[in-house]
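S.K.: My questions will all concern the structure given below.
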Amino acid sequence: MTQVIWIVAAVLVTFTAGYVGYSRYLAQFVDLDPDRETPAHKYEDGQEYVPSKKPVLLGHHYSSIAGGAPIVGPITAGAIWGWVPALLWIAIGNPLMGAVHDFISLSGSLRHEGKSIGYMIGEYVGEQGKNMLLWFAFLTIVLVVAVFALVVAIVFHAFPQVATASFIYILLALAFGVYLYQFNGPFILGTVVFVVGVFAAVRVGIEYPVALFAGDYPSGTIVLLGGAGDWVPGAAQLEGLGGGNTAAWIPVVLVYAAIASALPVWVLLQPRDYLSSFLLYAGVGGAVLAIIVGTFFETSSQPLVIDESLGAFEGFWGVGAADYAPLFPLLFITIACGTISGFHSLVSSGTTAKQLNNESDARLIGYGGMLGEGLLAAVALSTLAVWGAPDVAGGIGAALPNFASGGGVILTSFGIPQTVGAVFMALVLCSFLLTSTDTAVRLGRYMMEEIVGTPAGRTDTGLNADIGSIARGRYTNPIVQAVPAYLLVVSGQWVVLWQLFGGANQLLAALALLTATVWLANWDDSKQLISTGVPMALMVTITVLGLSWLVFYENLYVNLLNGGAETTEAIISAIVQMIIGLVLIGLALALVRLGYNNIREVRRGPETPAAEPGDD
């Protein structure tokens, strides 16, 4: 039997080489200067542009980029095609593509007043390209918010202990923000006290689990409302994922995200993400250390070897239950976050760039943060290996409990009971998801501010009468995002939602790399474009082929021509998927064409710009 430790060892080797070598080269390549003023200082407003200590910002960035996808993706891909292809894509793709994508997006935003990748590309290809990318990003954000809200609700239903612990954790974060910024309390003392409080919340959650409606829960669960919640919108459609209880948690999560995104970053975002980083480090780092300890000292409750139900390689078309899924290109879309993710470019060029205290911090936060997410993906693959392959037809409903249950087994290496370890790992997952959800809503507002037009360093409440104010407003824009996200989830097409999220997310990664390549080409004609151009070309090819498979094979051929869609609802869903897929492909190819034309003109032009564009 193959030991799980080989999964961890593989990523540690490639990630270490990438950070020590490649990231150092990239930092010199983009000319990080610790003496250059960052947007956080230049436009400091106490609301969005707020300089942050390196560990605080690293906690925010890591918590925001690491959602449910780096957990669901590796588990699903490993179960379909085997653990070896999944491991190779994470171990090799992350340091050469994903970490480059995140770091360059952050560095480019620093040179463009902390603006998004949409603003950046607009500087070089014009207003049309800017608006196309910003609208693409905004629509992707709506999909992200919908998916993350659904996943949080599923976890809250499966582990009601986590609902209690998460509520306490948010209250502690609010108190920590007041302690730091209003009372100027000692940073280290506050860290110790509040981090202990966060871990204590796990114990409280185990003692007092909370659910909204009745269901099959641990004994002692506090049910707040009567009945099973069958009347809640979406309850019937989510029957296999928790029914009324799951459906009821979704609007709660969306309301939380809307409120949290409207608050100044110092009130909740910074302190919460900093505190959650300790949960995340303990969960990811603790699992890695537990695998090492359990392997060498045999302290785990069961041998840490890869379960017989999980094959090393299940063939190009995957296991039978996956129903004809080609490894290329679908593996590279299924594992999005964890290797490369377009959502990260929005975080890097959105909230993170507006809080970076010193340019020299960008290497650790941008490149290193993505390596940290890759380590989370490796841990997720390890939990799959220990617990055994889930039913791939069960989708996220099968994958998420696998992470918590397998993680609980791994943590028994430290003498932690499996049931306690499972709850802790579920809380780790939710802390990722909650931070990613409200950060996504905040990023959506940034996208709309740039579409409608808002000067750097200024925000709008949205309480004025005009449409532009409502669309970009701090209090109104979250509603613009939350309502369609909610309708998408309760429509019953959550499987479709996950597929579209994966496709749109990876296309966005390709477009972010395109933006970086265009920026570098316009900066200096001596700059090499291989580091961003090659990953960009690969991601465009992979994603266009993946979406084409979704459009033409799964929907046109299987669902429409061969009668796979047996109901009117299923037929409409297939048509909608085809339309959205074709729109995504068309937008991406149009932007690639604009970017390519710009690069060709710059590289063939009569003269080179004297200074780096946007650095003034």
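Naming works like this for the structure tokens: A, B, ... for the chains as they're shown, residue 1 at the start of each chain, ligands 1 onward in shown order.
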I want to know what sits within 12 Å of Gly286 in chain A, based on only C-alpha atoms, with residues of the same chain fewer than 6 positions away left out; could you give that as a ChimeraX atom specification?
M.R.: /A:278-280,292-294,375-376,379,407-408,410-414,416,421,424-425,428
S.K.: Check the DSSP output for the backbone and give back, as a list in words, the residues of range 92-336 of chain A in strand (DSSP E or B).
M.R.: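 Assigned to strand (DSSP E or B), within range 92-336 of chain A: Val210, Ala211, Ile222, Val223 and Val305 of chain A.
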S.K.: Using only C-alpha atoms, can you tell me which of A:Leu26, A:Val252, A:Ala262, A:Ala509 comes closest to Thr140 in chain A?
M.R.: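 The answer is A:Ala509, which sits nearest to Thr140 in chain A.
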S.K.: Write out as an MDAnalysis selection string the residues lying within 7 Å of Glu359 in chain A, counting only C-alpha atoms and excluding same-chain residues fewer than 6 positions away.
M.R.: chainID A and resid 32:34 38
S.K.: Just the selected residues (N, CA and C atoms), exported as a short mmCIF file (atom, residue, chain, number, x, y, z; two decimals), in the first residue's frame, please.
M.R.:
data_model
loop_
_atom_site.label_atom_id
_atom_site.label_comp_id
_atom_site.auth_asym_id
_atom_site.auth_seq_id
_atom_site.Cartn_x
_atom_site.Cartn_y
_atom_site.Cartn_z
N LEU A 32 10.19 45.03 -7.51
CA LEU A 32 9.60 45.39 -6.22
C LEU A 32 10.56 46.32 -5.48
N ASP A 33 10.05 47.44 -5.00
CA ASP A 33 10.88 48.45 -4.35
C ASP A 33 10.29 48.78 -2.98
N PRO A 34 10.96 48.43 -1.89
CA PRO A 34 10.42 48.69 -0.55
C PRO A 34 10.28 50.18 -0.24
N THR A 38 3.06 52.65 -1.67
CA THR A 38 2.01 51.75 -2.14
C THR A 38 0.67 52.47 -2.17
#
S.K.: Write out as a PyMOL selection string the residues lying within 8 Å of Leu224 in chain A, counting only C-alpha atoms and excluding same-chain residues fewer than 4 positions away.
M.R.: chain A and resi 210-213
S.K.: Can you tell me, as a list in words, what residues are no more than 9 Å from Ile340 in chain A when counting only C-alpha atoms, ignoring any on the same chain fewer than 3 positions away?
M.R.: Ile90, Gly93, Asn94, Met97, Gly98, Ala99, His101, Asp102, Ile335, Ala336, Cys337, His344, Met370, Gly374, Gln506 and Ala509 of chain A
S.K.: Counting only C-alpha atoms, what are the residues of range 355-461 of chain A within 10 Å of range 169-182 of chain A, and for each of them which pair of atoms is the nearest and at what distance in Å, to one decimal? Sort the table by chain and rising number, as JSON lines.
M.R.:
{"residue": "A:Leu427", "atom": "CA", "partner": "A:Tyr169", "partner_atom": "CA", "distance": 9.9}
{"residue": "A:Ser431", "atom": "CA", "partner": "A:Tyr169", "partner_atom": "CA", "distance": 8.8}
{"residue": "A:Leu434", "atom": "CA", "partner": "A:Ile170", "partner_atom": "CA", "distance": 9.6}
S.K.: Got time to write the residues from that selection, C-alpha atoms, as a short mmCIF file (atom, residue, chain, number, x, y, z; two decimals), in the first residue's frame?
M.R.:
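Printed below is selection-v9.cif as written:
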data_model
loop_
_atom_site.label_atom_id
_atom_site.label_comp_id
_atom_site.auth_asym_id
_atom_site.auth_seq_id
_atom_site.Cartn_x
_atom_site.Cartn_y
_atom_site.Cartn_z
CA LEU A 427 -14.63 24.71 10.88
CA SER A 431 -13.53 29.80 7.88
CA LEU A 434 -16.99 32.65 4.95
#
S.K.: If you run DSSP over the backbone, which residues in range 304-518 of chain A end up alpha helix (DSSP H)? Put them as a ChimeraX atom specification.
M.R.: /A:327-334,342-347,362,369-387,396-411,418-452,467-472,477-490,494-518
S.K.: With only C-alpha atoms as the atoms that count, which of A:Ala512, A:Ala570, A:Ala27, A:Ala153 lies nearest to Leu133 in chain A?
M.R.: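 The answer is A:Ala512, which sits nearest to Leu133 in chain A.
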S.K.: Please build the interface table for range 323-343 of chain A against range 79-86 of chain A with a cut-off of 9 Å, listing for each qualifying residue the nearest atom pair and the distance in Å to one decimal; count only C-alpha atoms, order rows by chain and increasing number, and write it as a Markdown table.
M.R.:
| residue | atom | partner | partner_atom | distance |
| --- | --- | --- | --- | --- |
| A:Ala325 | CA | A:Ile80 | CA | 8.2 |
| A:Pro326 | CA | A:Trp81 | CA | 8.9 |
| A:Leu327 | CA | A:Trp81 | CA | 6.8 |
| A:Leu331 | CA | A:Ala86 | CA | 7.5 |
| A:Phe332 | CA | A:Ala86 | CA | 8.8 |
| A:Ile335 | CA | A:Ala86 | CA | 7.6 |
S.K.: Quick one: residues within 12 Å of Leu560 in chain A, only C-alpha atoms, excluding same-chain residues fewer than 5 positions away - as a PyMOL selection string?
M.R.: chain A and resi 551-555+565-568+570-575+577-578
S.K.: When you count only C-alpha atoms, which of these residues is closest to Leu547 in chain A: A:Ala521, A:Leu584, A:Val534, A:Ala380?
M.R.: A:Leu584
S.K.: Here is a test: counting only C-alpha atoms, which residue of A:Phe15, A:Phe138, A:Phe183, A:Phe156 is nearest to Ser116 in chain A?
M.R.: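 Nearest candidate to Ser116 in chain A out of A:Phe15, A:Phe138, A:Phe183, A:Phe156: A:Phe138.
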S.K.: Under the rule of at most 10 Å, produce a per-residue listing of range 3-121 of chain A near range 147-152 of chain A: chain, number, name, the closest pair of atoms, and the distance in Å, as JSON lines, using only C-alpha atoms.
M.R.:
{"residue": "A:Gly67", "atom": "CA", "partner": "A:Phe148", "partner_atom": "CA", "distance": 7.3}
{"residue": "A:Gly68", "atom": "CA", "partner": "A:Phe148", "partner_atom": "CA", "distance": 6.9}
{"residue": "A:Ala69", "atom": "CA", "partner": "A:Phe148", "partner_atom": "CA", "distance": 8.8}
{"residue": "A:Val72", "atom": "CA", "partner": "A:Val151", "partner_atom": "CA", "distance": 9.8}
S.K.: Would you tabulate, counting only C-alpha atoms, all residues of range 76-192 of chain A that have an atom at most 9 Å from an atom of range 472-481 of chain A, showing the closest pair of atoms and their distance in Å to one decimal, sorted by chain then ascending number, as a tab-separated table?
M.R.:
residue	atom	partner	partner_atom	distance
A:Phe138	CA	A:Gln481	CA	8.8
A:Leu139	CA	A:Gln481	CA	9.0
A:Ile141	CA	A:Gln481	CA	8.2
A:Val142	CA	A:Gln481	CA	5.8
A:Val145	CA	A:Gln481	CA	7.9
S.K.: Within 8 Å of Phe343 in chain A, counting only C-alpha atoms, which residues qualify if same-chain residues fewer than 2 places away don't, as a PyMOL selection string?
M.R.: chain A and resi 65+141+341+345-347+505+508-509
S.K.: Point out the residue among A:Leu487, A:Met448, A:Val232, A:Ile5 with the least atom-to-atom distance to Ala290 in chain A, counting only C-alpha atoms.
M.R.: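 Looking at the shortest contact to Ala290 in chain A, the residue is A:Ile5.
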S.K.: Between A:Ala422, A:Ile250, A:Ala287, A:Ala353, single out the one closest to Ile154 in chain A, counting only C-alpha atoms.
M.R.: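 Ranking A:Ala422, A:Ile250, A:Ala287, A:Ala353 by distance to Ile154 in chain A, first place goes to A:Ile250.
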